[in-house]
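Trainee: Okay, here's the structure, questions in a sec.
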Amino acid sequence: MSRTGAALALWWLLAVPAWAQEPAAVASPRLQALPQGEPDPGPPLRDPDFGVRTRAFGLDRQVEMYQWRVTGEGYRRVWNGARIDSSGFAPGHDNPALPIGGQRWWSQDATLDGRPIDQRVLRATGEWHPFRPSFSRLPLNMAATFQPEGDGLGSAENPLDPQVGDLRITWRELRLPPLPGRVELRDGAWHLSPRTAAAALNAAPLPPVADRPEDEWAWVHWWPWLLGGTAALVVVIAIRRRRGGS
């Protein structure tokens, strides 16, 4: 190899590490788009009928009524989340109308790293957990009917001997699992990743999510060194050939 060729090869060795970093800079927005902090549910959610509040991503009120049901052994009284139609029941086995029903509230201002979280993320990945709320804000009209019972409220005068028409009410709150690998940043908001959306659509449980979703970009950090090493090998081969030919 001529001196000019050796000089060009040496220039290649020195220049590659500098310009090879450019693809990493191009990829950096993707890397920076990975979730860094913890999701924030925003303002507390509130059940306006009972004053129950939570700092979670969803609030769920569950209502059960003690009522008649027909079984293979005749009539029996059970707790049920919906009114059982008693129109064909024998006299004395009428079920009253359900005075208040269950209801669900979702966070409308949830954010992650200062960016909004799409509602579908909450509905597809959130997990409902029972909790015992504070009843310090229980309205007077509800306080006249309900009293604390277990983790919720009940209307029975004697919880050990409920009567048909009595209610018991409990609440659940929605919590989010770790979101890296489950969401991606699109159009300034966090949306379900295709993998998570497909799993939710098929109602299949999600497989474990890798702790380091950025591994798919590991080549970005390594390829400049590979090119640099290749260039160094070219220079070594050229020098050896020159010495061998001299």
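Ligands are numbered from 1 in the order shown, chains are lettered A, B, ... in the order of the structure tokens, and residues start at 1 in each chain.
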How would you write, as a PyMOL selection string, the set of residues in range 34-123 of chain A that DSSP gives as strand (DSSP E or B)?

Mentor: chain A and resi 40+45-47+52-54+58-71+74-80+103-106+111-112+115-117

Trainee: Set the distance at 9 Å and use only C-alpha atoms: which residues neighbour Arg123 in chain A once local chain neighbours fewer than 4 positions away are removed? I'd like the list as a PyMOL selection string.

Mentor: chain A and resi 106+119+127

Trainee: Using only C-alpha atoms, which residue out of A:Ser86, A:Gln108, A:Ser155, A:Asn202 lies closest to Glu64 in chain A?

Mentor: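 For Glu64 in chain A, the nearest of the given residues is A:Ser155.
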
Trainee: Which residue is closest to Ala97 in chain A? Choose from A:Gly114, A:Pro148, A:Tyr66, A:Gly74 and count only C-alpha atoms.

Mentor: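 With only C-alpha atoms as the atom set, the closest residue is A:Tyr66.
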
Trainee: Hey, can you check how far CA of Met65 in chain A sits from CA of Arg53 in chain A?

Mentor: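 Those two atoms sit 22.9 Å apart.
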
Trainee: Between A:Ala144, A:Leu59, A:Val164, A:Leu98, single out the one closest to Pro41 in chain A, counting only C-alpha atoms.

Mentor: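 Looking at the shortest contact to Pro41 in chain A, the residue is A:Leu59.
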
Trainee: So which one's closest to Arg104 in chain A, A:Trp128, A:Phe146, A:Phe135, A:Trp79? Using only C-alpha atoms, please.

Mentor: A:Trp128

Trainee: Give me, as a tab-separated table, each residue of range 94-193 of chain A that comes within 12 Å of range 42-46 of chain A, together with its shortest interatomic pair and the distance in Å at one decimal, counting only C-alpha atoms, with rows ordered by chain and rising residue number.

Mentor:
residue	atom	partner	partner_atom	distance
A:Gln103	CA	A:Arg46	CA	11.2
A:Arg104	CA	A:Leu45	CA	10.1
A:Trp105	CA	A:Leu45	CA	7.1
A:Trp106	CA	A:Leu45	CA	7.6
A:Ser107	CA	A:Leu45	CA	6.9
A:Gln108	CA	A:Gly42	CA	7.8
A:Asp109	CA	A:Gly42	CA	5.2
A:Ala110	CA	A:Gly42	CA	5.3
A:Thr111	CA	A:Gly42	CA	7.2
A:Leu112	CA	A:Gly42	CA	10.2
A:Gly114	CA	A:Gly42	CA	10.8
A:Arg115	CA	A:Gly42	CA	11.7
A:Pro116	CA	A:Gly42	CA	10.1
A:Ile117	CA	A:Gly42	CA	10.7
A:Pro133	CA	A:Arg46	CA	10.8
A:Ser134	CA	A:Arg46	CA	11.6
A:Phe135	CA	A:Arg46	CA	11.9
A:Arg137	CA	A:Arg46	CA	10.5
A:Leu138	CA	A:Arg46	CA	11.6
A:Trp171	CA	A:Arg46	CA	11.2
A:Arg172	CA	A:Leu45	CA	11.7
A:Glu173	CA	A:Leu45	CA	9.5
A:Leu174	CA	A:Leu45	CA	10.7

Trainee: Go ahead and write the residues just picked, N, CA and C atoms, as a PDB file, in the first residue's frame.

Mentor:
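Everything below was put into part-v3.pdb:
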ATOM      1  N   GLN A 103     -70.962   2.389  40.686  1.00  0.00           N
ATOM      2  CA  GLN A 103     -70.490   3.394  39.727  1.00  0.00           C
ATOM      3  C   GLN A 103     -68.967   3.389  39.706  1.00  0.00           C
ATOM      4  N   ARG A 104     -68.427   3.848  38.594  1.00  0.00           N
ATOM      5  CA  ARG A 104     -66.970   3.821  38.428  1.00  0.00           C
ATOM      6  C   ARG A 104     -66.496   5.175  37.881  1.00  0.00           C
ATOM      7  N   TRP A 105     -65.378   5.639  38.442  1.00  0.00           N
ATOM      8  CA  TRP A 105     -64.776   6.892  38.004  1.00  0.00           C
ATOM      9  C   TRP A 105     -63.330   6.634  37.583  1.00  0.00           C
ATOM     10  N   TRP A 106     -62.906   7.299  36.503  1.00  0.00           N
ATOM     11  CA  TRP A 106     -61.555   7.140  35.976  1.00  0.00           C
ATOM     12  C   TRP A 106     -60.805   8.467  36.047  1.00  0.00           C
ATOM     13  N   SER A 107     -59.504   8.386  36.299  1.00  0.00           N
ATOM     14  CA  SER A 107     -58.682   9.594  36.276  1.00  0.00           C
ATOM     15  C   SER A 107     -58.680  10.181  34.872  1.00  0.00           C
ATOM     16  N   GLN A 108     -58.923  11.483  34.785  1.00  0.00           N
ATOM     17  CA  GLN A 108     -58.922  12.173  33.495  1.00  0.00           C
ATOM     18  C   GLN A 108     -57.645  12.970  33.275  1.00  0.00           C
ATOM     19  N   ASP A 109     -56.795  13.035  34.301  1.00  0.00           N
ATOM     20  CA  ASP A 109     -55.594  13.882  34.211  1.00  0.00           C
ATOM     21  C   ASP A 109     -54.333  13.111  34.586  1.00  0.00           C
ATOM     22  N   ALA A 110     -54.329  11.811  34.346  1.00  0.00           N
ATOM     23  CA  ALA A 110     -53.151  11.009  34.671  1.00  0.00           C
ATOM     24  C   ALA A 110     -51.991  11.379  33.749  1.00  0.00           C
ATOM     25  N   THR A 111     -50.786  11.471  34.316  1.00  0.00           N
ATOM     26  CA  THR A 111     -49.603  11.829  33.534  1.00  0.00           C
ATOM     27  C   THR A 111     -48.442  10.911  33.901  1.00  0.00           C
ATOM     28  N   LEU A 112     -47.468  10.880  33.004  1.00  0.00           N
ATOM     29  CA  LEU A 112     -46.225  10.144  33.223  1.00  0.00           C
ATOM     30  C   LEU A 112     -45.104  10.982  32.632  1.00  0.00           C
ATOM     31  N   GLY A 114     -44.723  14.030  32.981  1.00  0.00           N
ATOM     32  CA  GLY A 114     -45.307  15.284  32.523  1.00  0.00           C
ATOM     33  C   GLY A 114     -46.133  15.175  31.255  1.00  0.00           C
ATOM     34  N   ARG A 115     -46.301  13.981  30.698  1.00  0.00           N
ATOM     35  CA  ARG A 115     -47.098  13.772  29.483  1.00  0.00           C
ATOM     36  C   ARG A 115     -48.376  13.015  29.845  1.00  0.00           C
ATOM     37  N   PRO A 116     -49.505  13.335  29.194  1.00  0.00           N
ATOM     38  CA  PRO A 116     -50.770  12.660  29.528  1.00  0.00           C
ATOM     39  C   PRO A 116     -50.740  11.173  29.192  1.00  0.00           C
ATOM     40  N   ILE A 117     -51.478  10.405  29.983  1.00  0.00           N
ATOM     41  CA  ILE A 117     -51.624   8.963  29.755  1.00  0.00           C
ATOM     42  C   ILE A 117     -52.994   8.717  29.128  1.00  0.00           C
ATOM     43  N   PRO A 133     -61.907   3.146  52.712  1.00  0.00           N
ATOM     44  CA  PRO A 133     -61.786   4.603  52.676  1.00  0.00           C
ATOM     45  C   PRO A 133     -62.119   5.238  54.018  1.00  0.00           C
ATOM     46  N   SER A 134     -61.823   6.507  54.094  1.00  0.00           N
ATOM     47  CA  SER A 134     -62.235   7.289  55.253  1.00  0.00           C
ATOM     48  C   SER A 134     -63.656   7.782  55.017  1.00  0.00           C
ATOM     49  N   PHE A 135     -64.484   7.709  56.055  1.00  0.00           N
ATOM     50  CA  PHE A 135     -65.867   8.164  55.931  1.00  0.00           C
ATOM     51  C   PHE A 135     -66.079   9.486  56.659  1.00  0.00           C
ATOM     52  N   ARG A 137     -66.098  12.329  55.375  1.00  0.00           N
ATOM     53  CA  ARG A 137     -66.882  13.255  54.556  1.00  0.00           C
ATOM     54  C   ARG A 137     -68.254  12.682  54.199  1.00  0.00           C
ATOM     55  N   LEU A 138     -68.695  11.687  54.950  1.00  0.00           N
ATOM     56  CA  LEU A 138     -69.992  11.064  54.678  1.00  0.00           C
ATOM     57  C   LEU A 138     -71.121  12.086  54.881  1.00  0.00           C
ATOM     58  N   TRP A 171     -65.650  -0.254  48.243  1.00  0.00           N
ATOM     59  CA  TRP A 171     -64.970   0.486  47.176  1.00  0.00           C
ATOM     60  C   TRP A 171     -63.662  -0.198  46.804  1.00  0.00           C
ATOM     61  N   ARG A 172     -63.269   0.008  45.559  1.00  0.00           N
ATOM     62  CA  ARG A 172     -61.965  -0.452  45.082  1.00  0.00           C
ATOM     63  C   ARG A 172     -61.268   0.718  44.400  1.00  0.00           C
ATOM     64  N   GLU A 173     -59.940   0.675  44.367  1.00  0.00           N
ATOM     65  CA  GLU A 173     -59.174   1.697  43.668  1.00  0.00           C
ATOM     66  C   GLU A 173     -58.292   1.048  42.610  1.00  0.00           C
ATOM     67  N   LEU A 174     -58.023   1.790  41.555  1.00  0.00           N
ATOM     68  CA  LEU A 174     -57.245   1.270  40.436  1.00  0.00           C
ATOM     69  C   LEU A 174     -55.783   1.685  40.572  1.00  0.00           C
TER      70      LEU A 174
END

Trainee: Of the residues A:Phe50, A:Ala198, A:Leu176, A:Arg182, which is the one nearest to Asn141 in chain A, using only C-alpha atoms?

Mentor: A:Phe50
